[in-house]
file target-v1.cif (mmCIF, N, CA and C atoms)
data_work
loop_
_atom_site.label_atom_id
_atom_site.label_comp_id
_atom_site.auth_asym_id
_atom_site.auth_seq_id
_atom_site.Cartn_x
_atom_site.Cartn_y
_atom_site.Cartn_z
N MET A 657 0.02 -8.04 -4.69
CA MET A 657 -0.30 -6.68 -5.08
C MET A 657 0.02 -6.49 -6.55
N SER A 658 -0.87 -5.82 -7.21
CA SER A 658 -0.68 -5.54 -8.63
C SER A 658 -0.12 -4.14 -8.82
N ARG A 659 0.61 -3.98 -9.89
CA ARG A 659 1.07 -2.66 -10.33
C ARG A 659 0.53 -2.37 -11.73
N ALA A 660 -0.36 -3.23 -12.22
CA ALA A 660 -0.87 -3.12 -13.58
C ALA A 660 -2.01 -2.11 -13.66
N LEU A 661 -1.92 -1.22 -14.63
CA LEU A 661 -3.00 -0.26 -14.86
C LEU A 661 -4.27 -0.96 -15.33
N ASP A 662 -4.12 -2.08 -16.02
CA ASP A 662 -5.29 -2.83 -16.49
C ASP A 662 -6.10 -3.43 -15.34
N ASP A 663 -5.53 -3.49 -14.14
CA ASP A 663 -6.26 -3.99 -12.98
C ASP A 663 -7.09 -2.92 -12.29
N LEU A 664 -6.97 -1.68 -12.74
CA LEU A 664 -7.78 -0.61 -12.16
C LEU A 664 -9.21 -0.71 -12.69
N SER A 665 -10.15 -0.18 -11.92
CA SER A 665 -11.56 -0.21 -12.33
C SER A 665 -11.74 0.64 -13.59
N PRO A 666 -12.74 0.31 -14.41
CA PRO A 666 -12.99 1.07 -15.63
C PRO A 666 -13.25 2.56 -15.39
N ARG A 667 -13.84 2.89 -14.24
CA ARG A 667 -14.11 4.30 -13.96
C ARG A 667 -12.87 5.06 -13.50
N PHE A 668 -11.91 4.35 -12.90
CA PHE A 668 -10.72 5.02 -12.37
C PHE A 668 -9.53 4.98 -13.33
N LYS A 669 -9.44 3.96 -14.14
CA LYS A 669 -8.28 3.79 -15.02
C LYS A 669 -7.98 5.03 -15.88
N PRO A 670 -8.98 5.64 -16.53
CA PRO A 670 -8.66 6.83 -17.33
C PRO A 670 -8.08 7.98 -16.49
N LEU A 671 -8.56 8.13 -15.27
CA LEU A 671 -8.04 9.18 -14.40
C LEU A 671 -6.61 8.87 -13.95
N ALA A 672 -6.35 7.61 -13.66
CA ALA A 672 -4.99 7.21 -13.27
C ALA A 672 -4.02 7.43 -14.43
N MET A 673 -4.46 7.10 -15.63
CA MET A 673 -3.61 7.31 -16.80
C MET A 673 -3.37 8.80 -17.04
N GLU A 674 -4.38 9.59 -16.82
CA GLU A 674 -4.24 11.04 -16.93
C GLU A 674 -3.27 11.57 -15.88
N LEU A 675 -3.34 11.05 -14.67
CA LEU A 675 -2.40 11.43 -13.60
C LEU A 675 -0.97 11.16 -14.04
N LEU A 676 -0.74 9.97 -14.57
CA LEU A 676 0.62 9.62 -15.01
C LEU A 676 1.07 10.50 -16.17
N ALA A 677 0.16 10.81 -17.08
CA ALA A 677 0.50 11.68 -18.21
C ALA A 677 0.86 13.08 -17.72
N ARG A 678 0.11 13.59 -16.77
CA ARG A 678 0.40 14.93 -16.22
C ARG A 678 1.73 14.95 -15.47
N CYS A 679 2.07 13.85 -14.83
CA CYS A 679 3.39 13.76 -14.17
C CYS A 679 4.50 13.83 -15.21
N VAL A 680 4.31 13.13 -16.32
CA VAL A 680 5.30 13.18 -17.41
C VAL A 680 5.45 14.61 -17.91
N GLU A 681 4.31 15.28 -18.14
CA GLU A 681 4.35 16.66 -18.62
C GLU A 681 5.06 17.58 -17.65
N ALA A 682 4.95 17.30 -16.36
CA ALA A 682 5.60 18.11 -15.32
C ALA A 682 7.06 17.69 -15.10
N HIS A 683 7.53 16.75 -15.91
CA HIS A 683 8.91 16.25 -15.81
C HIS A 683 9.18 15.58 -14.46
N ILE A 684 8.17 14.84 -13.99
CA ILE A 684 8.29 14.07 -12.75
C ILE A 684 8.09 12.60 -13.10
N PRO A 685 9.19 11.89 -13.38
CA PRO A 685 9.03 10.45 -13.65
C PRO A 685 8.62 9.73 -12.37
N VAL A 686 7.62 8.85 -12.50
CA VAL A 686 7.10 8.13 -11.34
C VAL A 686 7.08 6.63 -11.60
N LEU A 687 7.04 5.90 -10.52
CA LEU A 687 6.92 4.45 -10.53
C LEU A 687 5.56 4.11 -9.93
N VAL A 688 4.81 3.23 -10.58
CA VAL A 688 3.56 2.74 -10.02
C VAL A 688 3.92 1.66 -9.00
N VAL A 689 3.52 1.88 -7.77
CA VAL A 689 3.85 0.97 -6.67
C VAL A 689 2.73 -0.04 -6.43
N ASP A 690 1.48 0.40 -6.57
CA ASP A 690 0.36 -0.46 -6.19
C ASP A 690 -0.90 0.01 -6.90
N THR A 691 -1.66 -0.97 -7.41
CA THR A 691 -2.99 -0.66 -7.96
C THR A 691 -4.00 -1.52 -7.20
N LEU A 692 -4.28 -2.71 -7.70
CA LEU A 692 -5.29 -3.59 -7.10
C LEU A 692 -4.66 -4.50 -6.04
N ARG A 693 -5.38 -4.68 -4.94
CA ARG A 693 -4.97 -5.62 -3.89
C ARG A 693 -6.05 -6.65 -3.66
N THR A 694 -5.62 -7.85 -3.32
CA THR A 694 -6.56 -8.87 -2.88
C THR A 694 -6.87 -8.61 -1.40
N PRO A 695 -7.97 -9.16 -0.89
CA PRO A 695 -8.25 -9.02 0.54
C PRO A 695 -7.10 -9.55 1.41
N ALA A 696 -6.48 -10.65 1.00
CA ALA A 696 -5.37 -11.21 1.79
C ALA A 696 -4.17 -10.27 1.78
N GLU A 697 -3.87 -9.69 0.64
CA GLU A 697 -2.75 -8.74 0.57
C GLU A 697 -3.04 -7.51 1.42
N HIS A 698 -4.28 -7.07 1.40
CA HIS A 698 -4.62 -5.90 2.20
C HIS A 698 -4.55 -6.22 3.69
N ALA A 699 -4.99 -7.40 4.07
CA ALA A 699 -4.90 -7.82 5.48
C ALA A 699 -3.44 -7.83 5.93
N ALA A 700 -2.55 -8.31 5.07
CA ALA A 700 -1.12 -8.31 5.40
C ALA A 700 -0.61 -6.88 5.54
N ASN A 701 -1.05 -5.97 4.67
CA ASN A 701 -0.63 -4.57 4.78
C ASN A 701 -1.11 -3.95 6.10
N LEU A 702 -2.33 -4.27 6.50
CA LEU A 702 -2.84 -3.78 7.78
C LEU A 702 -1.99 -4.32 8.94
N ALA A 703 -1.71 -5.61 8.89
CA ALA A 703 -0.92 -6.25 9.96
C ALA A 703 0.49 -5.67 10.04
N ASN A 704 1.04 -5.29 8.89
CA ASN A 704 2.41 -4.75 8.85
C ASN A 704 2.45 -3.24 9.05
N GLY A 705 1.30 -2.59 9.24
CA GLY A 705 1.27 -1.15 9.44
C GLY A 705 1.51 -0.34 8.19
N VAL A 706 1.35 -0.97 7.03
CA VAL A 706 1.55 -0.27 5.76
C VAL A 706 0.25 0.39 5.30
N SER A 707 -0.88 -0.12 5.76
CA SER A 707 -2.18 0.47 5.47
C SER A 707 -2.88 0.72 6.80
N TRP A 708 -3.76 1.72 6.80
CA TRP A 708 -4.41 2.11 8.05
C TRP A 708 -5.92 2.06 7.97
N THR A 709 -6.45 1.67 6.83
CA THR A 709 -7.90 1.64 6.67
C THR A 709 -8.36 0.24 6.30
N VAL A 710 -9.42 -0.20 6.90
CA VAL A 710 -9.94 -1.54 6.64
C VAL A 710 -10.52 -1.63 5.23
N ARG A 711 -11.20 -0.59 4.80
CA ARG A 711 -11.87 -0.60 3.48
C ARG A 711 -11.09 0.26 2.49
N SER A 712 -10.01 -0.25 2.00
CA SER A 712 -9.15 0.47 1.05
C SER A 712 -9.77 0.46 -0.35
N LYS A 713 -9.61 1.56 -1.06
CA LYS A 713 -10.09 1.63 -2.45
C LYS A 713 -9.21 0.79 -3.37
N HIS A 714 -8.06 0.35 -2.89
CA HIS A 714 -7.23 -0.58 -3.66
C HIS A 714 -7.95 -1.92 -3.87
N LEU A 715 -8.85 -2.27 -2.97
CA LEU A 715 -9.57 -3.53 -3.07
C LEU A 715 -10.52 -3.56 -4.27
N ASP A 716 -10.94 -2.39 -4.72
CA ASP A 716 -11.86 -2.28 -5.85
C ASP A 716 -11.18 -1.77 -7.11
N GLY A 717 -9.88 -1.53 -7.05
CA GLY A 717 -9.18 -0.98 -8.21
C GLY A 717 -9.44 0.50 -8.40
N ASP A 718 -9.84 1.18 -7.32
CA ASP A 718 -10.14 2.61 -7.39
C ASP A 718 -9.05 3.47 -6.76
N ALA A 719 -7.83 2.93 -6.65
CA ALA A 719 -6.73 3.69 -6.07
C ALA A 719 -5.42 3.27 -6.73
N ILE A 720 -4.48 4.21 -6.69
CA ILE A 720 -3.13 3.95 -7.20
C ILE A 720 -2.13 4.59 -6.25
N ASP A 721 -1.03 3.91 -6.03
CA ASP A 721 0.08 4.47 -5.28
C ASP A 721 1.24 4.65 -6.25
N ILE A 722 1.81 5.86 -6.25
CA ILE A 722 2.95 6.16 -7.10
C ILE A 722 4.05 6.79 -6.26
N VAL A 723 5.26 6.76 -6.77
CA VAL A 723 6.38 7.43 -6.10
C VAL A 723 7.27 8.03 -7.18
N PRO A 724 7.74 9.25 -6.98
CA PRO A 724 8.70 9.81 -7.93
C PRO A 724 9.98 8.97 -7.91
N TYR A 725 10.55 8.73 -9.07
CA TYR A 725 11.79 7.95 -9.13
C TYR A 725 12.88 8.56 -8.26
N SER A 726 12.94 9.89 -8.19
CA SER A 726 13.98 10.54 -7.38
C SER A 726 13.86 10.15 -5.91
N VAL A 727 12.64 10.08 -5.40
CA VAL A 727 12.41 9.69 -4.00
C VAL A 727 12.69 8.20 -3.83
N TYR A 728 12.23 7.40 -4.78
CA TYR A 728 12.44 5.95 -4.71
C TYR A 728 13.93 5.64 -4.71
N ASP A 729 14.69 6.29 -5.60
CA ASP A 729 16.14 6.07 -5.66
C ASP A 729 16.83 6.48 -4.38
N LEU A 730 16.36 7.55 -3.76
CA LEU A 730 16.99 8.06 -2.55
C LEU A 730 16.69 7.19 -1.33
N HIS A 731 15.43 6.75 -1.19
CA HIS A 731 15.01 6.06 0.04
C HIS A 731 14.70 4.58 -0.14
N GLY A 732 14.54 4.12 -1.35
CA GLY A 732 14.25 2.71 -1.57
C GLY A 732 12.78 2.38 -1.43
N PRO A 733 12.44 1.10 -1.50
CA PRO A 733 11.04 0.69 -1.53
C PRO A 733 10.30 0.77 -0.20
N GLY A 734 10.98 1.00 0.91
CA GLY A 734 10.32 1.06 2.22
C GLY A 734 9.49 2.32 2.35
N LYS A 735 8.18 2.21 2.05
CA LYS A 735 7.28 3.36 1.97
C LYS A 735 7.40 4.30 3.17
N LEU A 736 7.48 3.76 4.35
CA LEU A 736 7.49 4.60 5.54
C LEU A 736 8.77 5.41 5.68
N GLN A 737 9.78 5.11 4.87
CA GLN A 737 11.02 5.87 4.91
C GLN A 737 10.97 7.10 4.00
N TRP A 738 9.96 7.18 3.16
CA TRP A 738 9.89 8.29 2.22
C TRP A 738 9.57 9.57 2.97
N ASP A 739 10.28 10.63 2.65
CA ASP A 739 10.18 11.91 3.35
C ASP A 739 8.94 12.68 2.89
N ALA A 740 7.94 12.77 3.74
CA ALA A 740 6.71 13.48 3.39
C ALA A 740 6.96 14.97 3.22
N GLY A 741 8.08 15.48 3.71
CA GLY A 741 8.40 16.90 3.58
C GLY A 741 9.05 17.26 2.26
N ASP A 742 9.39 16.27 1.45
CA ASP A 742 10.01 16.54 0.16
C ASP A 742 9.01 17.30 -0.71
N PRO A 743 9.39 18.45 -1.26
CA PRO A 743 8.45 19.27 -2.05
C PRO A 743 7.87 18.58 -3.29
N ILE A 744 8.50 17.53 -3.75
CA ILE A 744 7.99 16.81 -4.93
C ILE A 744 6.59 16.26 -4.67
N TRP A 745 6.31 15.89 -3.42
CA TRP A 745 4.99 15.34 -3.08
C TRP A 745 3.90 16.38 -3.27
N GLN A 746 4.18 17.63 -2.91
CA GLN A 746 3.19 18.69 -3.09
C GLN A 746 2.87 18.89 -4.57
N LYS A 747 3.88 18.77 -5.41
CA LYS A 747 3.65 18.89 -6.86
C LYS A 747 2.76 17.75 -7.35
N LEU A 748 3.07 16.52 -6.91
CA LEU A 748 2.24 15.38 -7.31
C LEU A 748 0.82 15.52 -6.79
N GLY A 749 0.69 15.93 -5.52
CA GLY A 749 -0.63 16.10 -4.93
C GLY A 749 -1.47 17.10 -5.70
N ALA A 750 -0.85 18.21 -6.10
CA ALA A 750 -1.57 19.24 -6.86
C ALA A 750 -2.03 18.70 -8.21
N ILE A 751 -1.19 17.92 -8.85
CA ILE A 751 -1.57 17.32 -10.13
C ILE A 751 -2.80 16.43 -9.96
N GLY A 752 -2.76 15.55 -8.97
CA GLY A 752 -3.88 14.64 -8.74
C GLY A 752 -5.16 15.35 -8.34
N GLU A 753 -5.04 16.34 -7.48
CA GLU A 753 -6.23 17.06 -7.03
C GLU A 753 -6.86 17.87 -8.17
N ARG A 754 -6.04 18.39 -9.08
CA ARG A 754 -6.60 19.10 -10.25
C ARG A 754 -7.45 18.15 -11.11
N LEU A 755 -7.15 16.88 -11.05
CA LEU A 755 -7.92 15.88 -11.80
C LEU A 755 -9.16 15.41 -11.02
N GLY A 756 -9.35 15.92 -9.82
CA GLY A 756 -10.50 15.53 -9.00
C GLY A 756 -10.26 14.30 -8.15
N LEU A 757 -9.00 13.89 -8.03
CA LEU A 757 -8.66 12.72 -7.21
C LEU A 757 -8.47 13.12 -5.75
N ARG A 758 -8.73 12.18 -4.86
CA ARG A 758 -8.43 12.38 -3.44
C ARG A 758 -6.97 11.98 -3.23
N TRP A 759 -6.21 12.87 -2.59
CA TRP A 759 -4.78 12.65 -2.37
C TRP A 759 -4.53 12.30 -0.90
N GLY A 760 -3.82 11.21 -0.67
CA GLY A 760 -3.49 10.77 0.68
C GLY A 760 -2.56 11.70 1.44
N GLY A 761 -1.95 12.65 0.77
CA GLY A 761 -1.08 13.63 1.44
C GLY A 761 -1.84 14.61 2.30
N ARG A 762 -3.15 14.65 2.18
CA ARG A 762 -4.00 15.54 2.99
C ARG A 762 -4.50 14.85 4.27
N TRP A 763 -4.27 13.56 4.37
CA TRP A 763 -4.80 12.82 5.51
C TRP A 763 -3.93 13.02 6.75
N LYS A 764 -4.55 12.79 7.90
CA LYS A 764 -3.80 12.87 9.16
C LYS A 764 -2.64 11.88 9.13
N GLN A 765 -2.92 10.65 8.74
CA GLN A 765 -1.87 9.64 8.53
C GLN A 765 -1.47 9.77 7.06
N LYS A 766 -0.43 10.53 6.79
CA LYS A 766 -0.04 10.86 5.42
C LYS A 766 0.28 9.61 4.60
N ASP A 767 -0.24 9.62 3.38
CA ASP A 767 0.04 8.57 2.40
C ASP A 767 0.33 9.32 1.09
N MET A 768 1.54 9.84 0.99
CA MET A 768 1.90 10.85 0.01
C MET A 768 1.72 10.41 -1.45
N GLY A 769 1.91 9.16 -1.75
CA GLY A 769 1.81 8.69 -3.12
C GLY A 769 0.46 8.10 -3.48
N HIS A 770 -0.51 8.21 -2.59
CA HIS A 770 -1.82 7.58 -2.78
C HIS A 770 -2.80 8.55 -3.43
N PHE A 771 -3.46 8.07 -4.49
CA PHE A 771 -4.52 8.82 -5.16
C PHE A 771 -5.68 7.86 -5.37
N GLU A 772 -6.91 8.37 -5.16
CA GLU A 772 -8.06 7.50 -5.30
C GLU A 772 -9.23 8.21 -5.95
N TYR A 773 -10.09 7.38 -6.51
CA TYR A 773 -11.31 7.83 -7.17
C TYR A 773 -12.25 8.47 -6.16
N VAL A 774 -12.91 9.53 -6.60
CA VAL A 774 -13.93 10.19 -5.79
C VAL A 774 -15.20 10.24 -6.61
N GLU A 775 -16.28 9.77 -6.04
CA GLU A 775 -17.58 9.87 -6.72
C GLU A 775 -17.83 11.33 -7.05
N ARG A 776 -18.31 11.59 -8.23
CA ARG A 776 -18.55 12.97 -8.67
C ARG A 776 -19.55 13.68 -7.74
N ASP A 777 -20.59 12.98 -7.28
CA ASP A 777 -21.55 13.59 -6.36
C ASP A 777 -20.86 14.00 -5.07
N ALA A 778 -19.99 13.11 -4.54
CA ALA A 778 -19.29 13.39 -3.29
C ALA A 778 -18.32 14.56 -3.48
N ALA A 779 -17.67 14.63 -4.63
CA ALA A 779 -16.71 15.70 -4.89
C ALA A 779 -17.42 17.05 -4.95
N SER A 780 -18.62 17.10 -5.51
CA SER A 780 -19.33 18.37 -5.63
C SER A 780 -19.90 18.83 -4.30
N ARG A 781 -20.14 17.88 -3.37
CA ARG A 781 -20.67 18.24 -2.06
C ARG A 781 -19.57 18.65 -1.09
N ALA A 782 -18.32 18.27 -1.39
CA ALA A 782 -17.20 18.54 -0.47
C ALA A 782 -16.86 20.00 -0.41
#

call {"tool": "encode", "arguments": {"input": "target-v1.cif", "output": "structure tokens"}}
result
Amino acid sequence: MSRALDDLSPRFKPLAMELLARCVEAHIPVLVVDTLRTPAEHAANLANGVSWTVRSKHLDGDAIDIVPYSVYDLHGPGKLQWDAGDPIWQKLGAIGERLGLRWGGRWKQKDMGHFEYVERDAASRA
């Protein structure tokens, strides 16, 4: 798994960088957990219950997972231990959604630190 912003797709990278900049402006320091995944890495995530979708946007570099340092320090790297009820996630989600990103915190299977690219046509039809 990559954590490099340079591994993001050309269409998503500027939005991901904007997301991180807006987090800084909101005084929410974050850690980039995941950007691009190989098919083998994604298969391992599915097998371990860390991912729930077969066709992840991480495979194309169209998604980023971030975590606030405060949450990471409190709960550690085990993603499933992170408290989805922590209000910091709502702040991050609002930042990402204002940029037109799809936020995993709205999904039935919550993925609070996940943000992904949305086709502009799809966003306008939603």

call {"tool": "closest_residue", "arguments": {"input": "target-v1.cif", "among": "A:Leu757, A:Val774, A:Val710, A:Ile751", "to": "Glu681 of chain A", "atoms": "only C-alpha atoms"}}
result
A:Ile751

call {"tool": "closest_residue", "arguments": {"input": "target-v1.cif", "among": "A:Phe771, A:Asp663, A:Met657, A:Gln746", "to": "Ala700 of chain A", "atoms": "only C-alpha atoms"}}
result
A:Met657

call {"tool": "closest_residue", "arguments": {"input": "target-v1.cif", "among": "A:Ile744, A:Ala682, A:Ala672, A:Ala750", "to": "Pro724 of chain A", "atoms": "only C-alpha atoms"}}
result
A:Ile744

call {"tool": "atom_distance", "arguments": {"input": "target-v1.cif", "atom1": "atom CA of Thr709 of chain A", "atom2": "atom N of Gln765 of chain A"}}
result
10.5 Å

call {"tool": "atom_distance", "arguments": {"input": "target-v1.cif", "atom1": "atom CA of Gly749 of chain A", "atom2": "atom C of His698 of chain A"}}
result
24.2 Å

call {"tool": "select_by_dssp", "arguments": {"input": "target-v1.cif", "residues": "segment 665-713 of chain A", "states": "strand (DSSP E)", "output": "ChimeraX atom specification"}}
result
/A:686-690

call {"tool": "closest_residue", "arguments": {"input": "target-v1.cif", "among": "A:Ala696, A:Cys679, A:Ala740, A:Leu661", "to": "Gly761 of chain A", "atoms": "only C-alpha atoms"}}
result
A:Ala740

call {"tool": "atom_distance", "arguments": {"input": "target-v1.cif", "atom1": "atom C of Ile722 of chain A", "atom2": "atom CA of Arg758 of chain A"}}
result
14.0 Å

call {"tool": "resolve_selection", "arguments": {"input": "target-v1.cif", "expression": "the PyMOL selection byres ((chain A and resi 689-694) around 7)", "output": "VMD selection string"}}
result
chain A and resid 657 to 661 663 to 664 687 to 688 695 to 699 713 to 723

call {"tool": "closest_residue", "arguments": {"input": "target-v1.cif", "among": "A:Asp662, A:Glu772, A:Asp739, A:Asp777", "to": "Gly756 of chain A", "atoms": "only N, CA and C atoms"}}
result
A:Glu772

call {"tool": "select_by_dssp", "arguments": {"input": "target-v1.cif", "residues": "chain A", "states": "alpha helix (DSSP H)", "output": "PyMOL selection string"}}
result
chain A and resi 669-681+695-703+725-731+743-754+776-781

call {"tool": "build_atoms", "arguments": {"input": "target-v1.cif", "residues": "segment 695-714 of chain A", "atoms": "N, CA, C and O atoms", "output": "tab-separated table (two decimals), keeping the file's coordinate frame"}}
result
chain	number	residue	atom	x	y	z
A	695	PRO	N	-7.97	-9.16	-0.89
A	695	PRO	CA	-8.25	-9.02	0.54
A	695	PRO	C	-7.10	-9.55	1.41
A	695	PRO	O	-6.77	-8.96	2.43
A	696	ALA	N	-6.48	-10.65	1.00
A	696	ALA	CA	-5.37	-11.21	1.79
A	696	ALA	C	-4.17	-10.27	1.78
A	696	ALA	O	-3.52	-10.09	2.82
A	697	GLU	N	-3.87	-9.69	0.64
A	697	GLU	CA	-2.75	-8.74	0.57
A	697	GLU	C	-3.04	-7.51	1.42
A	697	GLU	O	-2.15	-7.01	2.11
A	698	HIS	N	-4.28	-7.07	1.40
A	698	HIS	CA	-4.62	-5.90	2.20
A	698	HIS	C	-4.55	-6.22	3.69
A	698	HIS	O	-4.07	-5.40	4.49
A	699	ALA	N	-4.99	-7.40	4.07
A	699	ALA	CA	-4.90	-7.82	5.48
A	699	ALA	C	-3.44	-7.83	5.93
A	699	ALA	O	-3.13	-7.41	7.05
A	700	ALA	N	-2.55	-8.31	5.07
A	700	ALA	CA	-1.12	-8.31	5.40
A	700	ALA	C	-0.61	-6.88	5.54
A	700	ALA	O	0.20	-6.59	6.45
A	701	ASN	N	-1.05	-5.97	4.67
A	701	ASN	CA	-0.63	-4.57	4.78
A	701	ASN	C	-1.11	-3.95	6.10
A	701	ASN	O	-0.37	-3.20	6.73
A	702	LEU	N	-2.33	-4.27	6.50
A	702	LEU	CA	-2.84	-3.78	7.78
A	702	LEU	C	-1.99	-4.32	8.94
A	702	LEU	O	-1.61	-3.58	9.84
A	703	ALA	N	-1.71	-5.61	8.89
A	703	ALA	CA	-0.92	-6.25	9.96
A	703	ALA	C	0.49	-5.67	10.04
A	703	ALA	O	1.05	-5.55	11.13
A	704	ASN	N	1.04	-5.29	8.89
A	704	ASN	CA	2.41	-4.75	8.85
A	704	ASN	C	2.45	-3.24	9.05
A	704	ASN	O	3.53	-2.64	8.99
A	705	GLY	N	1.30	-2.59	9.24
A	705	GLY	CA	1.27	-1.15	9.44
A	705	GLY	C	1.51	-0.34	8.19
A	705	GLY	O	1.81	0.84	8.25
A	706	VAL	N	1.35	-0.97	7.03
A	706	VAL	CA	1.55	-0.27	5.76
A	706	VAL	C	0.25	0.39	5.30
A	706	VAL	O	0.27	1.35	4.56
A	707	SER	N	-0.88	-0.12	5.76
A	707	SER	CA	-2.18	0.47	5.47
A	707	SER	C	-2.88	0.72	6.80
A	707	SER	O	-2.63	0.02	7.78
A	708	TRP	N	-3.76	1.72	6.80
A	708	TRP	CA	-4.41	2.11	8.05
A	708	TRP	C	-5.92	2.06	7.97
A	708	TRP	O	-6.59	2.39	8.92
A	709	THR	N	-6.45	1.67	6.83
A	709	THR	CA	-7.90	1.64	6.67
A	709	THR	C	-8.36	0.24	6.30
A	709	THR	O	-7.73	-0.43	5.48
A	710	VAL	N	-9.42	-0.20	6.90
A	710	VAL	CA	-9.94	-1.54	6.64
A	710	VAL	C	-10.52	-1.63	5.23
A	710	VAL	O	-10.34	-2.61	4.53
A	711	ARG	N	-11.20	-0.59	4.80
A	711	ARG	CA	-11.87	-0.60	3.48
A	711	ARG	C	-11.09	0.26	2.49
A	711	ARG	O	-11.47	1.37	2.18
A	712	SER	N	-10.01	-0.25	2.00
A	712	SER	CA	-9.15	0.47	1.05
A	712	SER	C	-9.77	0.46	-0.35
A	712	SER	O	-10.35	-0.53	-0.79
A	713	LYS	N	-9.61	1.56	-1.06
A	713	LYS	CA	-10.09	1.63	-2.45
A	713	LYS	C	-9.21	0.79	-3.37
A	713	LYS	O	-9.60	0.51	-4.50
A	714	HIS	N	-8.06	0.35	-2.89
A	714	HIS	CA	-7.23	-0.58	-3.66
A	714	HIS	C	-7.95	-1.92	-3.87
A	714	HIS	O	-7.69	-2.62	-4.83
